[in-house]
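Visitor: Dropping in model13.csv, which is CSV, C-alpha atoms:
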chain,number,residue,atom,x,y,z
A,2,GLU,CA,355.7,89.8,97.3
A,3,HIS,CA,355.5,89.4,101.1
A,4,GLU,CA,359.1,88.8,101.7
A,5,HIS,CA,361.2,91.7,100.5
A,6,HIS,CA,359.4,95.0,101.0
A,7,HIS,CA,361.6,97.9,100.3
A,8,GLU,CA,359.6,100.0,102.7
A,9,HIS,CA,357.3,97.9,104.9
A,10,GLU,CA,353.7,98.9,104.5
A,11,HIS,CA,352.7,96.4,107.3
A,12,HIS,CA,353.0,97.8,110.8
A,13,HIS,CA,352.4,94.5,112.7
A,14,GLU,CA,355.4,92.5,113.9
A,15,HIS,CA,356.0,89.3,112.1
A,16,GLU,CA,356.4,86.1,114.1
A,17,HIS,CA,359.8,84.3,113.8
A,18,ARG,CA,359.3,80.6,113.4
A,19,ASN,CA,361.7,77.8,112.7
A,20,LEU,CA,361.0,74.9,110.3
A,21,GLU,CA,359.9,72.5,113.1
A,22,SER,CA,357.2,74.9,114.3
A,23,VAL,CA,355.9,75.6,110.8
A,24,GLN,CA,355.8,71.8,110.2
A,25,ALA,CA,353.7,71.4,113.4
A,26,ILE,CA,351.2,74.1,112.3
A,27,ILE,CA,350.8,72.4,108.9
A,28,ASN,CA,350.6,68.9,110.3
A,29,SER,CA,347.9,70.0,112.7
A,30,GLY,CA,345.7,71.4,110.0
A,31,SER,CA,342.6,69.6,108.6
A,32,ILE,CA,343.8,69.4,105.1
A,33,SER,CA,344.4,66.5,102.7
A,34,HIS,CA,347.6,64.4,103.0
A,35,ARG,CA,348.7,65.5,99.5
A,36,ALA,CA,348.2,69.2,100.4
A,37,LYS,CA,350.3,68.8,103.5
A,38,ILE,CA,353.1,67.2,101.6
A,39,THR,CA,353.1,70.1,99.0
A,40,ALA,CA,353.1,72.8,101.8
A,41,LEU,CA,355.8,71.0,103.7
A,42,LYS,CA,357.9,70.6,100.6
A,43,ILE,CA,357.7,74.3,99.8
A,44,PHE,CA,358.9,75.3,103.3
A,45,GLN,CA,361.6,72.6,103.3
A,46,ILE,CA,363.0,74.1,100.0
A,47,ILE,CA,362.9,77.7,101.5
A,48,ALA,CA,364.6,76.5,104.8
A,49,GLU,CA,367.4,74.7,102.9
A,50,ALA,CA,368.1,77.7,100.8
A,51,GLU,CA,368.1,80.0,103.8
A,52,ALA,CA,370.3,77.6,105.7
A,53,LYS,CA,372.9,77.7,102.9
A,54,ALA,CA,372.7,81.5,102.6
A,55,HIS,CA,373.3,81.9,106.3
A,56,ASN,CA,375.7,78.9,106.7
A,57,LYS,CA,373.6,77.5,109.5
A,58,PRO,CA,372.0,74.1,110.2
A,59,LEU,CA,368.3,73.8,109.4
A,60,SER,CA,367.4,73.7,113.1
A,61,GLU,CA,368.8,77.2,113.5
A,62,VAL,CA,367.0,78.8,110.5
A,63,HIS,CA,364.2,81.1,111.5
A,64,PHE,CA,361.6,82.3,109.0
A,65,HIS,CA,360.8,86.0,109.2
A,66,GLU,CA,358.0,87.4,107.0
A,67,VAL,CA,357.4,83.9,105.5
A,68,GLY,CA,356.9,82.5,108.9
A,69,ALA,CA,354.0,84.7,109.7
A,70,ILE,CA,350.6,83.1,109.9
A,71,ASP,CA,349.3,84.9,106.8
A,72,SER,CA,352.2,83.7,104.8
A,73,ILE,CA,351.7,80.1,106.0
A,74,VAL,CA,348.1,80.4,105.1
A,75,ASP,CA,349.0,81.6,101.6
A,76,ILE,CA,351.3,78.6,101.0
A,77,VAL,CA,348.8,76.1,102.5
A,78,ALA,CA,345.9,77.6,100.5
A,79,LEU,CA,348.0,77.2,97.3
A,80,SER,CA,348.6,73.5,98.3
A,81,VAL,CA,344.9,72.9,98.9
A,82,CYS,CA,343.9,74.5,95.6
A,83,LEU,CA,346.5,72.4,93.7
A,84,ASP,CA,345.1,69.3,95.4
A,85,ALA,CA,341.6,70.2,94.5
A,86,LEU,CA,342.6,70.6,90.8
A,87,ASP,CA,344.0,67.0,91.0
A,88,VAL,CA,346.5,67.6,88.2
A,89,ASP,CA,349.0,64.9,87.1
A,90,ASP,CA,351.8,67.3,86.1
A,91,VAL,CA,352.9,70.9,86.6
A,92,VAL,CA,354.9,72.5,83.8
A,93,ILE,CA,357.0,75.6,84.8
A,94,SER,CA,358.5,77.8,82.1
A,95,GLU,CA,361.6,79.8,82.7
A,96,LEU,CA,361.2,82.4,85.5
A,97,TYR,CA,361.9,86.1,84.6
A,98,GLU,CA,364.0,88.1,87.1
A,99,GLY,CA,365.0,91.7,87.2
A,100,GLN,CA,368.3,93.3,88.1
A,101,GLY,CA,369.7,95.6,90.8
A,102,THR,CA,369.3,95.4,94.6
A,103,VAL,CA,366.6,95.0,97.1
A,104,ARG,CA,366.3,96.1,100.7
A,105,CYS,CA,365.2,93.6,103.3
A,106,GLN,CA,365.7,92.7,107.0
A,107,HIS,CA,369.3,91.6,106.2
A,108,GLY,CA,370.2,94.9,104.5
A,109,ILE,CA,370.7,95.5,100.8
A,110,LEU,CA,371.0,92.3,98.7
A,111,PRO,CA,371.7,91.8,95.0
A,112,ILE,CA,369.0,90.4,92.7
A,113,PRO,CA,368.4,87.5,92.6
A,114,VAL,CA,368.7,87.4,96.4
A,115,PRO,CA,370.8,84.6,97.8
A,116,ALA,CA,367.9,82.4,98.8
A,117,VAL,CA,366.4,82.6,95.3
A,118,ALA,CA,369.8,81.8,93.8
A,119,ASN,CA,370.3,78.8,96.1
A,120,ILE,CA,366.8,77.4,95.1
A,121,ALA,CA,367.5,78.0,91.4
A,122,SER,CA,370.8,76.2,91.7
A,123,ALA,CA,369.6,73.3,93.9
A,124,CYS,CA,366.4,72.7,91.9
A,125,GLN,CA,367.7,73.5,88.4
A,126,LEU,CA,365.2,76.3,87.9
A,127,PRO,CA,365.7,78.1,84.5
A,128,ILE,CA,365.9,81.9,85.1
A,129,HIS,CA,365.9,84.7,82.4
A,130,ILE,CA,367.4,88.0,83.6
A,131,MET,CA,365.5,90.9,82.1
A,132,ASP,CA,366.9,94.4,81.3
A,133,CYS,CA,364.9,96.1,84.0
A,134,GLN,CA,365.3,97.0,87.7
A,135,GLY,CA,363.4,95.2,90.4
A,136,GLU,CA,362.9,91.8,92.1
A,137,PHE,CA,360.4,89.7,90.2
A,138,ILE,CA,361.2,86.4,92.0
A,139,THR,CA,360.9,86.0,95.8
A,140,PRO,CA,362.2,83.0,97.7
A,141,THR,CA,358.6,81.8,98.3
A,142,GLY,CA,357.8,82.1,94.6
A,143,ALA,CA,361.0,80.2,93.6
A,144,ALA,CA,360.2,77.5,96.2
A,145,ILE,CA,356.7,77.1,94.9
A,146,ALA,CA,357.9,76.7,91.4
A,147,ALA,CA,360.6,74.2,92.5
A,148,ALA,CA,358.2,72.2,94.6
A,149,LEU,CA,355.4,72.0,92.0
A,150,ARG,CA,357.4,71.5,88.8
A,151,THR,CA,357.3,68.0,87.4
A,152,LYS,CA,358.0,68.7,83.7
A,153,ASP,CA,359.8,71.4,81.7
A,154,LYS,CA,357.9,71.3,78.5
A,155,LEU,CA,354.2,71.5,77.5
A,156,PRO,CA,352.7,68.4,75.9
A,157,GLU,CA,352.8,68.5,72.1
A,158,HIS,CA,349.0,68.3,71.7
A,159,PHE,CA,346.7,69.6,74.4
A,160,ARG,CA,343.3,71.2,75.0
A,161,LEU,CA,343.2,74.5,77.0
A,162,LEU,CA,340.5,74.1,79.6
A,163,LYS,CA,341.0,77.2,81.8
A,164,THR,CA,343.3,80.2,82.2
A,165,GLY,CA,344.0,82.3,85.3
A,166,ILE,CA,346.1,85.5,85.4
A,167,GLY,CA,347.5,87.3,88.5
A,168,ALA,CA,349.2,90.7,88.6
A,169,GLY,CA,351.7,91.9,91.2
A,170,LYS,CA,351.0,95.1,93.2
A,171,ARG,CA,354.4,96.8,92.5
A,172,GLU,CA,355.0,98.9,89.5
A,173,TYR,CA,357.9,97.9,87.3
A,174,GLU,CA,359.1,98.9,83.8
A,175,LYS,CA,357.6,95.6,82.6
A,176,ALA,CA,354.4,94.0,83.7
A,177,SER,CA,354.6,91.6,86.6
A,178,ILE,CA,352.1,88.9,85.6
A,179,LEU,CA,351.7,85.2,86.4
A,180,ARG,CA,349.6,83.1,84.1
A,181,ALA,CA,348.4,79.6,84.9
A,182,MET,CA,346.7,77.3,82.4
A,183,LEU,CA,344.8,74.1,83.0
A,184,LEU,CA,345.5,71.7,80.1
A,185,GLU,CA,344.3,68.3,79.0
A,186,ASP,CA,347.1,66.3,77.4
A,187,LEU,CA,345.6,64.8,74.3
A,188,ASP,CA,348.5,62.3,73.9
A,189,ALA,CA,348.3,60.9,77.4
A,190,ALA,CA,347.1,57.3,77.7
A,191,PRO,CA,343.5,57.0,78.8
A,192,SER,CA,343.0,56.0,82.5
A,193,GLU,CA,340.0,54.6,84.3
A,194,ASP,CA,338.1,57.0,86.5
A,195,THR,CA,337.8,54.5,89.3
A,196,PRO,CA,340.0,51.5,90.1
A,197,LYS,CA,338.3,48.1,89.7
A,198,LYS,CA,337.5,46.3,92.9
A,199,VAL,CA,338.6,42.8,92.0
A,200,SER,CA,337.9,40.2,94.7
A,201,GLN,CA,340.8,38.0,95.5
A,202,GLU,CA,340.2,34.6,97.0
A,203,ILE,CA,342.5,33.2,99.6
A,204,ALA,CA,344.5,30.6,97.7
A,205,LEU,CA,345.2,27.3,99.3
A,206,THR,CA,347.4,24.4,98.1
A,207,LYS,CA,346.3,20.8,98.0
A,208,GLU,CA,347.9,20.5,101.5
A,209,LYS,CA,345.6,23.2,102.8
A,210,ARG,CA,348.4,25.6,103.2
A,211,PRO,CA,348.3,29.2,101.9
A,212,ALA,CA,349.7,29.8,98.5
A,213,THR,CA,351.8,32.8,97.6
A,214,ILE,CA,349.7,35.9,97.6
A,215,LYS,CA,350.5,38.6,95.0
A,216,PRO,CA,350.2,42.3,95.8
A,217,VAL,CA,346.9,43.9,95.1
A,218,ASN,CA,346.9,46.2,92.1
A,219,ARG,CA,345.2,49.2,93.7
A,220,GLU,CA,346.2,52.4,95.6
A,221,LEU,CA,345.5,52.5,99.3
A,222,ASP,CA,343.3,55.3,100.5
A,223,PHE,CA,345.3,56.3,103.5
A,224,PRO,CA,343.7,58.6,106.1
A,225,LYS,CA,345.2,62.0,107.0
A,226,ARG,CA,348.4,61.6,109.0
A,227,GLU,CA,351.4,63.8,109.9
A,228,VAL,CA,354.2,64.1,107.5
A,229,ASP,CA,357.8,64.6,108.6
A,230,LEU,CA,360.1,66.0,106.0
A,231,GLU,CA,362.9,67.0,108.3
A,232,PRO,CA,366.2,65.8,106.9
A,233,ILE,CA,367.7,62.6,108.5
A,234,TRP,CA,371.3,62.4,109.6
A,235,LYS,CA,373.6,59.4,110.1
A,236,ILE,CA,375.9,59.4,113.1
A,237,GLU,CA,378.7,56.7,113.2
A,238,THR,CA,381.5,55.8,115.5
A,239,ASN,CA,383.8,52.8,115.8
A,240,LEU,CA,384.2,51.2,119.3
A,241,ASP,CA,387.1,48.8,120.0
A,242,ASP,CA,387.3,49.3,123.7
A,243,CYS,CA,383.7,49.5,124.8
A,244,THR,CA,381.9,46.7,126.6
A,245,GLY,CA,378.8,45.0,125.1
A,246,GLU,CA,376.8,46.1,128.2
A,247,ALA,CA,377.7,49.7,127.7
A,248,ILE,CA,376.8,49.6,124.0
A,249,ALA,CA,373.5,47.9,124.8
A,250,PHE,CA,372.7,50.6,127.3
A,251,ALA,CA,373.5,53.4,124.9
A,252,PHE,CA,371.5,51.6,122.3
A,253,ASP,CA,368.3,51.7,124.4
A,254,GLN,CA,368.9,55.3,125.5
A,255,LEU,CA,369.2,56.5,121.8
A,256,PHE,CA,365.9,54.9,120.9
A,257,GLU,CA,364.2,56.4,124.0
A,258,ALA,CA,365.6,59.8,123.0
A,259,GLY,CA,363.8,59.6,119.6
A,260,ALA,CA,366.3,58.0,117.2
A,261,GLN,CA,364.8,56.8,113.9
A,262,ASP,CA,367.0,53.7,114.0
A,263,VAL,CA,370.0,52.4,115.9
A,264,TYR,CA,372.2,49.5,114.8
A,265,THR,CA,375.6,48.0,115.2
A,266,THR,CA,377.9,46.4,112.7
A,267,PRO,CA,380.9,44.1,113.5
A,268,ILE,CA,384.1,45.5,111.9
A,269,TYR,CA,387.9,45.0,112.1
A,270,MET,CA,390.1,48.0,112.8
A,271,LYS,CA,393.8,48.5,112.6
A,272,LYS,CA,396.0,45.6,113.7
A,273,ASN,CA,392.9,43.4,113.0
A,274,ARG,CA,391.3,44.3,116.3
A,275,PRO,CA,387.6,43.3,116.3
A,276,ALA,CA,385.3,46.2,117.0
A,277,THR,CA,381.7,47.5,116.7
A,278,MET,CA,380.5,50.3,114.6
A,279,LEU,CA,377.5,52.1,116.2
A,280,THR,CA,375.2,53.8,113.7
A,281,VAL,CA,372.3,56.2,114.6
A,282,LEU,CA,369.7,57.7,112.3
A,283,CYS,CA,368.0,60.7,113.6
A,284,ARG,CA,366.4,64.0,112.8
A,285,GLU,CA,368.7,67.0,112.6
A,286,SER,CA,367.1,68.7,115.6
A,287,LEU,CA,367.9,65.6,117.7
A,288,MET,CA,371.6,65.4,116.8
A,289,PRO,CA,372.9,67.3,119.9
A,290,LYS,CA,370.9,64.9,122.2
A,291,MET,CA,372.2,61.8,120.3
A,292,GLU,CA,375.8,63.0,120.5
A,293,ASN,CA,375.5,63.6,124.2
A,294,ILE,CA,374.2,60.1,124.8
A,295,ILE,CA,377.0,58.5,122.7
A,296,PHE,CA,379.8,60.5,124.4
A,297,THR,CA,378.3,59.9,127.8
A,298,HIS,CA,377.7,56.2,127.7
A,299,THR,CA,380.4,54.9,125.3
A,300,THR,CA,384.2,55.2,125.1
A,301,THR,CA,384.3,57.0,121.8
A,302,ILE,CA,386.2,60.3,121.4
A,303,GLY,CA,384.8,61.2,117.9
A,304,LEU,CA,381.8,60.9,115.7
A,305,ARG,CA,381.2,61.0,111.9
A,306,LYS,CA,378.0,62.7,110.7
A,307,TYR,CA,376.4,62.6,107.2
A,308,PRO,CA,373.1,63.9,105.9
A,309,VAL,CA,371.0,61.1,104.5
A,310,ASP,CA,368.5,61.2,101.6
A,311,ARG,CA,365.4,59.0,102.0
A,312,THR,CA,362.7,57.7,99.8
A,313,MET,CA,359.7,56.7,102.0
A,314,LEU,CA,356.6,54.9,100.9
A,315,PRO,CA,353.3,55.9,102.5
A,316,ARG,CA,352.5,53.4,105.2
A,317,GLU,CA,349.8,52.7,107.8
A,318,ILE,CA,349.3,50.1,110.5
A,319,ARG,CA,345.8,48.7,110.7
A,320,SER,CA,344.2,46.2,113.1
A,321,ILE,CA,342.4,43.5,111.1
A,322,ASP,CA,340.1,40.6,112.2
A,323,THR,CA,341.5,37.1,111.9
A,324,PRO,CA,340.2,33.6,113.0
A,325,TRP,CA,342.4,34.0,116.1
A,326,GLY,CA,341.5,37.6,117.1
A,327,LYS,CA,342.9,41.0,116.1
A,328,ALA,CA,346.3,41.3,114.4
A,329,ARG,CA,348.1,44.4,113.3
A,330,VAL,CA,349.3,44.7,109.7
A,331,LYS,CA,351.5,47.4,108.1
A,332,TYR,CA,350.2,48.5,104.7
A,333,THR,CA,352.2,50.4,102.1
A,334,THR,CA,351.7,51.1,98.4
A,335,TRP,CA,354.0,51.6,95.4
A,336,ASN,CA,353.2,52.0,91.7
A,337,GLY,CA,349.6,51.3,92.2
A,338,GLN,CA,350.2,48.0,94.2
A,339,ILE,CA,349.3,47.4,97.8
A,340,TYR,CA,351.8,45.5,100.0
A,341,ALA,CA,350.9,44.1,103.4
A,342,TYR,CA,353.2,43.0,106.2
A,343,PRO,CA,351.9,41.4,109.4
A,344,GLU,CA,353.4,42.7,112.6
A,345,ASN,CA,355.9,40.2,114.0
A,346,ASP,CA,354.8,40.4,117.7
A,347,ASP,CA,351.1,39.7,116.8
A,348,VAL,CA,352.1,36.8,114.6
A,349,ALA,CA,354.3,35.3,117.3
A,350,ALA,CA,351.6,35.7,120.0
A,351,ILE,CA,349.0,34.0,117.9
A,352,ALA,CA,351.3,31.2,116.9
A,353,LEU,CA,352.3,30.4,120.5
A,354,LYS,CA,348.7,30.7,121.8
A,355,ASN,CA,347.3,28.3,119.2
A,356,ASN,CA,350.3,25.9,118.9
A,357,LEU,CA,350.7,26.7,115.2
A,358,SER,CA,353.8,27.6,113.2
A,359,PHE,CA,354.9,31.2,112.7
A,360,SER,CA,355.1,30.9,108.9
A,361,GLU,CA,351.6,29.5,108.7
A,362,ILE,CA,350.1,32.3,110.8
A,363,TYR,CA,352.1,34.9,109.0
A,364,THR,CA,351.0,33.8,105.5
A,365,MET,CA,347.4,33.5,106.5
A,366,ILE,CA,347.2,36.9,108.1
A,367,LYS,CA,348.9,38.3,105.0
A,368,ALA,CA,346.3,36.7,102.8
A,369,ILE,CA,343.5,38.1,104.9
A,370,ALA,CA,345.2,41.5,104.9
A,371,TYR,CA,345.3,41.7,101.1
A,372,ASP,CA,341.7,40.5,100.9
A,373,GLN,CA,340.4,43.0,103.4
A,374,SER,CA,342.3,45.8,101.6
A,375,ILE,CA,340.1,45.5,98.5
A,376,LEU,CA,336.8,44.2,100.0
A,377,ASP,CA,334.6,46.8,101.7
A,378,SER,CA,331.9,44.3,102.6
A,379,GLU,CA,332.0,43.1,106.2
A,380,ALA,CA,330.2,39.9,105.3
A,381,MET,CA,332.8,39.1,102.6
A,382,ALA,CA,335.7,39.7,105.1
A,383,THR,CA,334.0,37.4,107.6
A,384,ARG,CA,333.6,34.7,105.0
A,385,LYS,CA,337.2,34.9,104.2
A,386,ALA,CA,338.1,34.5,107.9
A,387,ILE,CA,335.9,31.4,108.1
A,388,ASP,CA,337.7,29.9,105.1
A,389,CYS,CA,341.0,30.4,106.8
A,390,LYS,CA,339.7,28.8,110.0
A,391,LYS,CA,338.7,25.7,108.1
A,392,ALA,CA,342.1,25.6,106.5
A,393,LEU,CA,343.9,25.9,109.8
A,394,PRO,CA,342.2,24.8,113.1
A,395,GLU,CA,342.2,27.1,116.1
A,396,GLY,CA,344.9,24.9,117.7
A,397,ARG,CA,346.3,21.4,117.7
A,398,ASP,CA,348.1,19.3,120.3
A,399,ASP,CA,350.4,17.4,118.0
A,400,LYS,CA,353.0,18.5,115.5
A,401,LYS,CA,351.5,16.5,112.5
A,402,GLU,CA,351.0,18.3,109.2
A,403,ILE,CA,347.4,19.1,108.2
Kindly present the structure from the file in structure tokens form.

Guide:
Amino acid sequence: EHEHHHEHEHHHEHEHRNLESVQAIINSGSISHRAKITALKIFQIIAEAEAKAHNKPLSEVHFHEVGAIDSIVDIVALSVCLDALDVDDVVISELYEGQGTVRCQHGILPIPVPAVANIASACQLPIHIMDCQGEFITPTGAAIAAALRTKDKLPEHFRLLKTGIGAGKREYEKASILRAMLLEDLDAAPSEDTPKKVSQEIALTKEKRPATIKPVNRELDFPKREVDLEPIWKIETNLDDCTGEAIAFAFDQLFEAGAQDVYTTPIYMKKNRPATMLTVLCRESLMPKMENIIFTHTTTIGLRKYPVDRTMLPREIRSIDTPWGKARVKYTTWNGQIYAYPENDDVAAIALKNNLSFSEIYTMIKAIAYDQSILDSEAMATRKAIDCKKALPEGRDDKKEI
């Protein structure tokens, strides 16, 4: 109800914030990782709907009432509450909307307002138009429904645990009521309350070399970290008259300016001329900076730009103890399994320092990483490190196999 007051009852001025500033506020908060994702997703949906309504890029969209601190607190509070409920699914029924027009900062708009219509279209929200005047769905309400919804239908058999009802402040011909029910799905497969901590020994073959280590079947408990949901764009250009030195220089400048990734692809252009395709992945807000670097330091006279959808797994880099000192490992998780990937630079440094092969060190560190991800006992982790040390000495002078 905070977005489209016909006659504003609030006399304070609302702050105008863009998506990036709202993301910074949410990311700086001391709330759970899951709550941050929910809040960021809601604002992302609103921003995309407003960008389409105003025909502007996301970086130029400014929130008005919804950008005020109290509105941000409302959305964050909802996200925190949902996280505290720890539900598996959220079922959203069809949303009921009125008819007519509504007055807001942009003038008189038809109901549903453009932002709500854009959200309903993009997120496939079912809407039922009632035979009464008034706005029942605000952009924030639609965005919340779109962000939280995971299913369209209630389970066939369920137990009703709790019910909450909220009523709007405005008077309509029909009641403006929202009801939330906490259900237990009686048909859902039973799940364990806590994951089993299954110890995993470091496997060695007869030749005292590490065997293949399978991913650990357990979710990682990642600490709080910032979440960046700003859309990613791909910038491409074909270069057939640019020197390798110039491309390399532009390559470095793009990374220093904040590009997510930069890479080149050998291609053949018309008349079979060999060329290089330069590709940059960056956040939308950095596109002007990236374009300036490419036009300044290469010979191109045109760029191609596309929005890119991404699916990103949660990840974290941890420093673990090994028989040869500290080593960084990147952890990620998918479908309840942990995956560990030792950092290349650390593996190479250890291999060179101890006169051991890269593959041996990589496999050993990976084994230790999986082991330490499920064992909380420091003594157990130390014992594993000693086992590894026996399998591979600290160093050797010859190149003979162990």

Visitor: As an exercise, work out the distance from CA of Ser177 in chain A to CA of Val74 in chain A in Å and give it to one decimal place.

Guide: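 Going from CA of Ser177 in chain A over to CA of Val74 in chain A covers 22.6 Å.
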
Visitor: I'd like the contact shell of Gly135 in chain A - 7 Å cut-off, all atoms listed in the file, skipping same-chain residues fewer than 4 positions apart - returned as a list in words.

Guide: Gly99, Gln100, Gly101 and Tyr173 of chain A

Visitor: Restrict the selected residues to C-alpha atoms and save them as a compact mmCIF listing (two decimals), in the coordinates of the input.

Guide:
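To be explicit, this is the file written out as selection24.txt:
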# COMPACT_ATOMS: atom_id res chain seq x y z
CA GLY A 99 365.00 91.70 87.20
CA GLN A 100 368.30 93.30 88.10
CA GLY A 101 369.70 95.60 90.80
CA TYR A 173 357.90 97.90 87.30

Visitor: Quick one: distance from CA of Asp90 in chain A to CA of Lys152 in chain A in Å, one decimal?

Guide: 6.8 Å

Visitor: Here is a test: counting only C-alpha atoms, which residue of A:Ser29, A:Ala189, A:Leu79, A:Thr141 is nearest to Ile47 in chain A?

Guide: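 Smallest distance to Ile47 in chain A is found for A:Thr141.
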
Visitor: Calculated over all atoms listed in the file, which of the candidates A:Pro324, A:Pro308, A:Pro343, A:Pro115 has the smallest distance to Ile233 in chain A?

Guide: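 Closest candidate: A:Pro308.
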
Visitor: One decimal, Å: what's the distance from CA of Asn119 in chain A over to CA of Glu51 in chain A, could you say?

Guide: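 One can read the CA of Asn119 in chain A to CA of Glu51 in chain A distance as 8.1 Å.
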
Visitor: Of the residues A:Phe296, A:Phe44, A:Tyr363, A:Tyr371, which is the one nearest to Tyr332 in chain A, using all atoms listed in the file?

Guide: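 Of all the options, A:Tyr371 lies closest to Tyr332 in chain A.
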
Visitor: For Pro315 in chain A, please output as a list in words all residues within 9 Å (counting all atoms listed in the file; exclusion window: fewer than 5 positions along the same chain).

Guide: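 Contacts, with the query itself left out: Phe223, Tyr332, Thr333, Thr334 and Trp335 of chain A.
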
Visitor: Can I get the selection written as an mmCIF file, in the frame of the given file, with C-alpha atoms?

Guide:
data_model
loop_
_atom_site.group_PDB
_atom_site.id
_atom_site.type_symbol
_atom_site.label_atom_id
_atom_site.label_comp_id
_atom_site.auth_asym_id
_atom_site.auth_seq_id
_atom_site.Cartn_x
_atom_site.Cartn_y
_atom_site.Cartn_z
ATOM 1 C CA PHE A 223 345.300 56.300 103.500
ATOM 2 C CA TYR A 332 350.200 48.500 104.700
ATOM 3 C CA THR A 333 352.200 50.400 102.100
ATOM 4 C CA THR A 334 351.700 51.100 98.400
ATOM 5 C CA TRP A 335 354.000 51.600 95.400
#

Visitor: Name all residues at most 10 Å from Ala40 in chain A (count all atoms listed in the file; drop same-chain ones fewer than 4 positions away) and give them as JSON, numbers by chain.

Guide: {"A": [23, 24, 27, 28, 35, 36, 44, 45, 73, 74, 75, 76, 77, 78, 79, 80, 81, 145, 148]}

Visitor: Could you save the residues just selected, with C-alpha atoms, as a CSV table (one decimal), in the frame of the given file?

Guide:
chain,number,residue,atom,x,y,z
A,23,VAL,CA,355.9,75.6,110.8
A,24,GLN,CA,355.8,71.8,110.2
A,27,ILE,CA,350.8,72.4,108.9
A,28,ASN,CA,350.6,68.9,110.3
A,35,ARG,CA,348.7,65.5,99.5
A,36,ALA,CA,348.2,69.2,100.4
A,44,PHE,CA,358.9,75.3,103.3
A,45,GLN,CA,361.6,72.6,103.3
A,73,ILE,CA,351.7,80.1,106.0
A,74,VAL,CA,348.1,80.4,105.1
A,75,ASP,CA,349.0,81.6,101.6
A,76,ILE,CA,351.3,78.6,101.0
A,77,VAL,CA,348.8,76.1,102.5
A,78,ALA,CA,345.9,77.6,100.5
A,79,LEU,CA,348.0,77.2,97.3
A,80,SER,CA,348.6,73.5,98.3
A,81,VAL,CA,344.9,72.9,98.9
A,145,ILE,CA,356.7,77.1,94.9
A,148,ALA,CA,358.2,72.2,94.6
